[in-house]
Structures are given as structure tokens and as C-alpha cells.
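Below: the structure, in C-alpha cells.
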Amino acid sequence: MALKHEPTAPYHSAQDALRVLETVARHTTGINDTELVRETGLDPERLTTLLRMLRREGYIEQITDGAYITGDSLTRLGSAQGREAALRDKLQRTLDRLRDSVGAAVYLSSYVDGEVKVAQWADGPTTPVVNEWVDFRYSAHATAIGKSLLGQLDHNGRRDHLARHKLPRLTSRTITSDRLLLSRLESQPPTVPHLDLQEYAIGTVCAAVPITAGSRVGCLALSLPVEHAHRLRQAADTLNRNAAPLLLSLTI
């Protein structure tokens with residue numbers, strides 16, 4: 001399966017953060033802001049933003065003289081023993097924070113072995129998850145998650161998926177034409193969130209943004225009750241701007 005590699009803003013942010021993290025890791029006794037600017041080549045303002053994010057996520061710490069050293073999160077994720085549990089815990093805490101910042105249930109999904117998989121999510125009493133009345137594996141054509149994942153595949157990859165999965169009408173808004181779906185996926189810019197405007201379920205709207213790490217096809221999504229549809233695009237933009245920590249965790 002070939003991928004369409006069209007880097008998005010979270011990808012660039014994660015790559016820059018990884019460059020900072022690798023530089024800090026090389027300096028076991030610490031490195032200050034001035035040295036980081038010189039060694040990474042990043043703009044000071046950009047570096048400040050990345051350092052703030054890396055400190056919040058626990059990947060670096062600032063010691064008494066103002067220099068930066070690697071933090072506990074990097075140690076846990078860098079260890080072979082218990083890495084999977086550490087990664088899942090790290091992702092969950094980030095998802096919980098995203099849920100609170102966007103005021104919506106959020107989902108981390110991936111495309112594994114030709115199928116849509118919702119790996120983790122964060123919900124709450126005021127941010128309920130979508131009622132999965134049709135398995136997400138069989139409704140990629142109707143969900144923001146599915147469309148975002150399919151959108152990251154090449155044409156043959158999409159064709160392969162559609163050959164294995166029919167496009168049933170789930171609501172009056174569901175796209176049931178292969179040709180129309182493929183056309184919309186092809187014309188969708190990578191920086192624009194995929195939307196589900198009651199295509200999967202009446203009463204729910206969703207948005208998803210890609211978070212591709214290496215050969216891993218993934219996305220970050222949110223869902224809202226239709227009465228909050230006016231918040232969807234702004235919430236999707238917030239989700240996109242804050243996707244870099246998740247992508248960084250998956251990359252390390």
C-alpha cells in the first residue's frame with residue numbers, strides 16, 4: 001500500500017520538536033536556549049513555542065541554571081521494557097487534555113492491515129462518544145475518521161478498500177457512489193479537516209485531521225452533537241494545531 005505523503009502543520013511541528021529533543025539528548029549536562037538556536041537552526045520564537053510544548057509533555061526539563069535536559073516521558077518511551085504501556089498512557093493523557101481544550105470527544109485512529117481502527121479516545125459526561133451503531137471498519141465512507149484515513153492512501157489503496165467494503169446509505173447525507181467519494185478524497189487539500197455532517201449518524205457531526213508518522217496512517221478526530229455544529233470548524237482547527245504532541249509520541 002502506497003501513501004500520499006503531503007506533510008501537514010502537525011507533521012512539521014513534530015519534526016521540529018524531534019530535532020530539538022535530539023539536540024537536548026546529545027547534551028547530557030544540559031543545553032541553553034542560545035545553543036539550541038545555533039544547533040537546530042530554528043527561529044528563537046519558534047524554539048520557545050516548541051520548548052514550552054516539550055516541557056508540558058514531560059520530554060524535557062529545565063534545571064537550575066536555565067539549561068534543558070531530557071525528561072521522564074522520553075525515558076519511559078525510550079525504554080524497550082514497558083514502552084507500549086507507557087505510550088498508551090502518554091497518548092491517553094494527551095487525548096484527555098485535547099478533549100477539554102476543544103470541548104468534544106476526541107479519537108485517535110489508524111489504518112491497520114487494510115481496516116479502520118479506533119485505537120483510543122477520550123470522552124466525558126458533557127462530551128459523549130459517537131454511538132457506534134455501524135462498525136467503523138465498515139463505514140469509512142461515512143465518517144470523518146474513515147475519510148481522513150482513506151485520504152492518506154494513494155488511489156490504488158483507496159480502490160482496494162472500496163472493493164472490499166460496500167458503501168451503504170446510513171443517513172440521507174451518506175455518499176454511496178464510489179466515483180463521488182474518490183473524487184472528493186482526491187480534491188481534498190491535506191491541510192483541510194475531513195468532515196462528517198450527519199453522514200454516519202443523525203444528530204452527530206465530526207471532523208478529522210491526519211497524523212501520519214512514517215508508514216503509519218493515522219488521524220485525530222472529534223465529534224459533537226449537531227446542536228453544536230457551529231463550533232465544528234473552529235474545534236477542528238484547534239485539534240489540528242494541537243496534534244503535534246500526539247504525533248511526536250508516536251514518532252519517538
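Quick note on naming: the chains in the C-alpha cells go A, B, ... in the order shown, residues restart at 1 in each chain, and ligands are numbered from 1 in order of appearance.
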
Mind checking which residues fall within 12 Å of Tyr59 of chain A, counting only C-alpha atoms, ignoring those fewer than 6 positions away in the same chain, and posting them as a ChimeraX atom specification?
-> /A:17-18,20-22,24-25,50-53,68-78,90,245,248-249,252

For Glu199 of chain A: contacts at 6 Å, only C-alpha atoms, fewer than 2 positions along chain excluded, given as a list of chain:residue names | A:Ala142, A:Thr171, A:Arg173, A:Thr174, A:Asp196, A:Leu197, A:Ala201

For the residues selected in the previous step, produce a file with all heavy atoms as an mmCIF file, in the first residue's frame.
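What ended up in out_22.cif:
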```cif
data_model
loop_
_atom_site.group_PDB
_atom_site.id
_atom_site.type_symbol
_atom_site.label_atom_id
_atom_site.label_comp_id
_atom_site.auth_asym_id
_atom_site.auth_seq_id
_atom_site.Cartn_x
_atom_site.Cartn_y
_atom_site.Cartn_z
ATOM 1 N N ALA A 142 -18.509 7.084 5.378
ATOM 2 C CA ALA A 142 -19.474 7.989 6.002
ATOM 3 C C ALA A 142 -18.923 8.748 7.198
ATOM 4 O O ALA A 142 -19.590 9.642 7.718
ATOM 5 C CB ALA A 142 -20.702 7.186 6.438
ATOM 6 N N THR A 171 -27.440 7.444 6.337
ATOM 7 C CA THR A 171 -28.402 8.532 6.502
ATOM 8 C C THR A 171 -28.660 9.097 5.106
ATOM 9 O O THR A 171 -28.026 8.692 4.130
ATOM 10 C CB THR A 171 -27.867 9.663 7.411
ATOM 11 O OG1 THR A 171 -26.920 10.463 6.686
ATOM 12 C CG2 THR A 171 -27.200 9.118 8.664
ATOM 13 N N ARG A 173 -27.661 11.726 4.018
ATOM 14 C CA ARG A 173 -26.493 12.511 3.611
ATOM 15 C C ARG A 173 -25.290 11.643 3.212
ATOM 16 O O ARG A 173 -24.268 12.164 2.756
ATOM 17 C CB ARG A 173 -26.065 13.452 4.748
ATOM 18 C CG ARG A 173 -27.104 14.504 5.115
ATOM 19 C CD ARG A 173 -26.686 15.260 6.368
ATOM 20 N NE ARG A 173 -27.635 16.298 6.711
ATOM 21 C CZ ARG A 173 -27.522 17.574 6.350
ATOM 22 N NH1 ARG A 173 -26.479 17.952 5.621
ATOM 23 N NH2 ARG A 173 -28.418 18.463 6.703
ATOM 24 N N THR A 174 -25.369 10.346 3.394
ATOM 25 C CA THR A 174 -24.240 9.453 3.130
ATOM 26 C C THR A 174 -23.909 9.379 1.646
ATOM 27 O O THR A 174 -24.811 9.219 0.813
ATOM 28 C CB THR A 174 -24.555 8.027 3.625
ATOM 29 O OG1 THR A 174 -24.951 8.077 4.995
ATOM 30 C CG2 THR A 174 -23.319 7.139 3.511
ATOM 31 N N ASP A 196 -17.753 15.079 8.741
ATOM 32 C CA ASP A 196 -18.921 14.196 8.654
ATOM 33 C C ASP A 196 -20.092 15.009 9.199
ATOM 34 O O ASP A 196 -20.209 15.226 10.403
ATOM 35 C CB ASP A 196 -18.683 12.931 9.482
ATOM 36 C CG ASP A 196 -19.981 12.202 9.860
ATOM 37 O OD1 ASP A 196 -21.022 12.482 9.232
ATOM 38 O OD2 ASP A 196 -19.952 11.375 10.784
ATOM 39 N N LEU A 197 -20.934 15.481 8.293
ATOM 40 C CA LEU A 197 -22.078 16.307 8.666
ATOM 41 C C LEU A 197 -23.332 15.438 8.647
ATOM 42 O O LEU A 197 -24.114 15.467 7.701
ATOM 43 C CB LEU A 197 -22.202 17.498 7.723
ATOM 44 C CG LEU A 197 -20.954 18.393 7.643
ATOM 45 C CD1 LEU A 197 -21.136 19.502 6.614
ATOM 46 C CD2 LEU A 197 -20.612 18.981 9.011
ATOM 47 N N ALA A 201 -24.365 9.339 11.355
ATOM 48 C CA ALA A 201 -25.497 9.247 12.283
ATOM 49 C C ALA A 201 -26.199 10.587 12.385
ATOM 50 O O ALA A 201 -25.548 11.630 12.506
ATOM 51 C CB ALA A 201 -25.012 8.801 13.661
#
```

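Shortest atom-to-atom contact with Gly103 of chain A among A:Thr191, A:Ser13, A:Gln81, A:Thr127: A:Thr127, counting only C-alpha atoms.
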
Quick one, how far is atom CA of Ala244 of chain A from atom CA of Tyr11 of chain A?
-> 6.6 Å

Can you tell me, as a list in words, what residues are no more than 7 Å from Leu108 of chain A when counting only C-alpha atoms, ignoring any on the same chain fewer than 6 positions away?
-> Val118, Ala119, Gln120, Trp121, Cys219, Leu220 and Ala221 of chain A

Atom CA of Lys117 of chain A to atom CA of Asn240 of chain A: how many Å, to one decimal?
-> 19.7 Å

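Neighbouring residues of Gln188 of chain A at 12 Å or closer, counting only C-alpha atoms and skipping chain neighbours under 5 positions away, are A:Glu6, A:Lys147, A:Ser148, A:Leu150, A:Gly151, A:Gln152, A:Leu181, A:Leu182, A:Ser183, A:Pro193, A:His194, A:Leu195, A:Val209, A:Pro210.
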
Can I get the selected residues back with N, CA, C and O atoms, as a compact mmCIF listing (two decimals), in the first residue's frame?
```txt
# COMPACT_ATOMS: atom_id res chain seq x y z
N GLU A 6 1.95 14.11 2.07
CA GLU A 6 1.78 15.55 1.94
C GLU A 6 1.82 16.12 3.35
O GLU A 6 0.81 16.14 4.05
N LYS A 147 -12.74 8.91 6.19
CA LYS A 147 -12.34 9.72 5.04
C LYS A 147 -10.94 10.28 5.20
O LYS A 147 -10.18 10.38 4.23
N SER A 148 -10.58 10.64 6.42
CA SER A 148 -9.22 11.14 6.66
C SER A 148 -8.19 10.05 6.41
O SER A 148 -7.14 10.29 5.79
N LEU A 150 -8.58 7.21 4.54
CA LEU A 150 -8.56 6.88 3.12
C LEU A 150 -7.88 7.98 2.31
O LEU A 150 -7.21 7.70 1.31
N GLY A 151 -8.04 9.21 2.75
CA GLY A 151 -7.43 10.33 2.05
C GLY A 151 -5.91 10.30 2.06
O GLY A 151 -5.27 10.95 1.23
N GLN A 152 -5.34 9.55 2.99
CA GLN A 152 -3.88 9.46 3.08
C GLN A 152 -3.31 8.30 2.25
O GLN A 152 -2.10 8.16 2.14
N LEU A 181 -17.11 9.61 -4.02
CA LEU A 181 -16.24 9.57 -2.85
C LEU A 181 -14.78 9.73 -3.25
O LEU A 181 -14.04 10.51 -2.65
N LEU A 182 -14.35 8.98 -4.26
CA LEU A 182 -12.96 9.07 -4.72
C LEU A 182 -12.63 10.47 -5.22
O LEU A 182 -11.53 10.99 -4.96
N SER A 183 -13.57 11.10 -5.90
CA SER A 183 -13.35 12.45 -6.40
C SER A 183 -13.16 13.44 -5.26
O SER A 183 -12.27 14.29 -5.30
N PRO A 193 -9.53 19.87 7.32
CA PRO A 193 -10.10 18.71 8.02
C PRO A 193 -11.20 18.03 7.20
O PRO A 193 -11.95 18.68 6.48
N HIS A 194 -11.27 16.71 7.31
CA HIS A 194 -12.39 15.97 6.73
C HIS A 194 -13.58 16.09 7.69
O HIS A 194 -13.40 16.02 8.91
N LEU A 195 -14.76 16.24 7.13
CA LEU A 195 -15.95 16.44 7.95
C LEU A 195 -16.97 15.33 7.72
O LEU A 195 -17.03 14.73 6.66
N VAL A 209 -8.38 15.14 11.34
CA VAL A 209 -7.16 15.68 10.73
C VAL A 209 -6.11 14.57 10.70
O VAL A 209 -6.06 13.73 11.61
N PRO A 210 -5.28 14.51 9.66
CA PRO A 210 -4.29 13.44 9.55
C PRO A 210 -3.12 13.60 10.51
O PRO A 210 -2.69 14.72 10.78
```

Return as a PyMOL selection string the full set of residues in segment 54-221 of chain A whose backbone-based DSSP assignment is helix (DSSP H, G or I).
-> chain A and resi 54-56+72-78+83-102+136-138+144-151+155-164+178-187

Taking C-alpha atoms for each residue, export the selection above as a tab-separated table (two decimals), in the first residue's frame.
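Dumped to part.tsv:
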```tsv
chain	number	residue	atom	x	y	z
A	54	LEU	CA	8.17	19.69	25.19
A	55	ARG	CA	8.25	20.78	28.83
A	56	ARG	CA	4.46	20.43	29.17
A	72	ASP	CA	10.86	11.40	32.34
A	73	SER	CA	8.47	10.98	29.38
A	74	LEU	CA	11.36	10.48	26.99
A	75	THR	CA	12.99	8.00	29.36
A	76	ARG	CA	9.81	5.93	29.63
A	77	LEU	CA	9.10	5.93	25.88
A	78	GLY	CA	12.75	5.22	25.09
A	83	ARG	CA	7.17	1.05	26.18
A	84	GLU	CA	3.77	0.03	24.85
A	85	ALA	CA	2.03	0.72	28.16
A	86	ALA	CA	3.95	3.99	28.58
A	87	LEU	CA	2.97	5.12	25.08
A	88	ARG	CA	-0.69	4.27	25.61
A	89	ASP	CA	-0.72	6.17	28.90
A	90	LYS	CA	1.02	9.18	27.33
A	91	LEU	CA	-1.40	9.26	24.41
A	92	GLN	CA	-4.39	8.96	26.73
A	93	ARG	CA	-3.28	11.91	28.86
A	94	THR	CA	-2.79	13.99	25.72
A	95	LEU	CA	-6.23	12.96	24.41
A	96	ASP	CA	-7.82	13.89	27.74
A	97	ARG	CA	-6.24	17.33	27.55
A	98	LEU	CA	-7.40	17.76	23.95
A	99	ARG	CA	-10.95	16.76	24.92
A	100	ASP	CA	-11.01	19.52	27.50
A	101	SER	CA	-9.49	22.14	25.18
A	102	VAL	CA	-11.89	21.52	22.26
A	136	PHE	CA	-16.34	1.91	11.94
A	137	ARG	CA	-14.50	-0.69	9.84
A	138	TYR	CA	-17.47	-0.85	7.50
A	144	ALA	CA	-14.65	11.84	9.16
A	145	ILE	CA	-12.21	9.28	10.58
A	146	GLY	CA	-12.60	6.96	7.62
A	147	LYS	CA	-12.34	9.72	5.04
A	148	SER	CA	-9.22	11.14	6.66
A	149	LEU	CA	-7.54	7.72	6.69
A	150	LEU	CA	-8.56	6.88	3.12
A	151	GLY	CA	-7.43	10.33	2.05
A	155	HIS	CA	-5.58	5.86	-5.50
A	156	ASN	CA	-4.94	2.11	-5.58
A	157	GLY	CA	-5.12	1.88	-1.81
A	158	ARG	CA	-8.50	3.60	-1.80
A	159	ARG	CA	-9.73	1.41	-4.61
A	160	ASP	CA	-8.65	-1.68	-2.70
A	161	HIS	CA	-10.59	-0.57	0.37
A	162	LEU	CA	-13.75	0.21	-1.59
A	163	ALA	CA	-13.51	-3.14	-3.39
A	164	ARG	CA	-13.70	-4.87	0.00
A	178	ASP	CA	-17.54	5.16	-5.33
A	179	ARG	CA	-16.82	7.71	-8.03
A	180	LEU	CA	-18.09	10.67	-5.99
A	181	LEU	CA	-16.24	9.57	-2.85
A	182	LEU	CA	-12.96	9.07	-4.72
A	183	SER	CA	-13.35	12.45	-6.40
A	184	ARG	CA	-13.87	14.22	-3.08
A	185	LEU	CA	-10.96	12.43	-1.45
A	186	GLU	CA	-8.69	13.33	-4.36
A	187	SER	CA	-9.63	17.02	-4.28
```

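One finds atom CA of Ala140 of chain A at 20.5 Å from atom CA of Ala104 of chain A.
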
Step one, run DSSP on the backbone; step two, keep only residues of segment 17-230 of chain A assigned to strand (DSSP E); then write them as a PyMOL selection string.
-> chain A and resi 60-62+68-70+105-112+115-122+194-197+204-210+218-225

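With only C-alpha atoms as the atoms that count, the residue of A:Asn131, A:Thr176, A:Ser109, A:Thr28 with the shortest distance to Ile202 of chain A is A:Asn131.
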
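Nearest residue to Pro168 of chain A among A:Val205, A:Ala229, A:Val134, A:Ala122 is A:Val134, counting only C-alpha atoms.
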
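Nearest residue to Thr49 of chain A among A:Ala207, A:Ala14, A:Ile31, A:Leu232 is A:Ala14, counting only C-alpha atoms.
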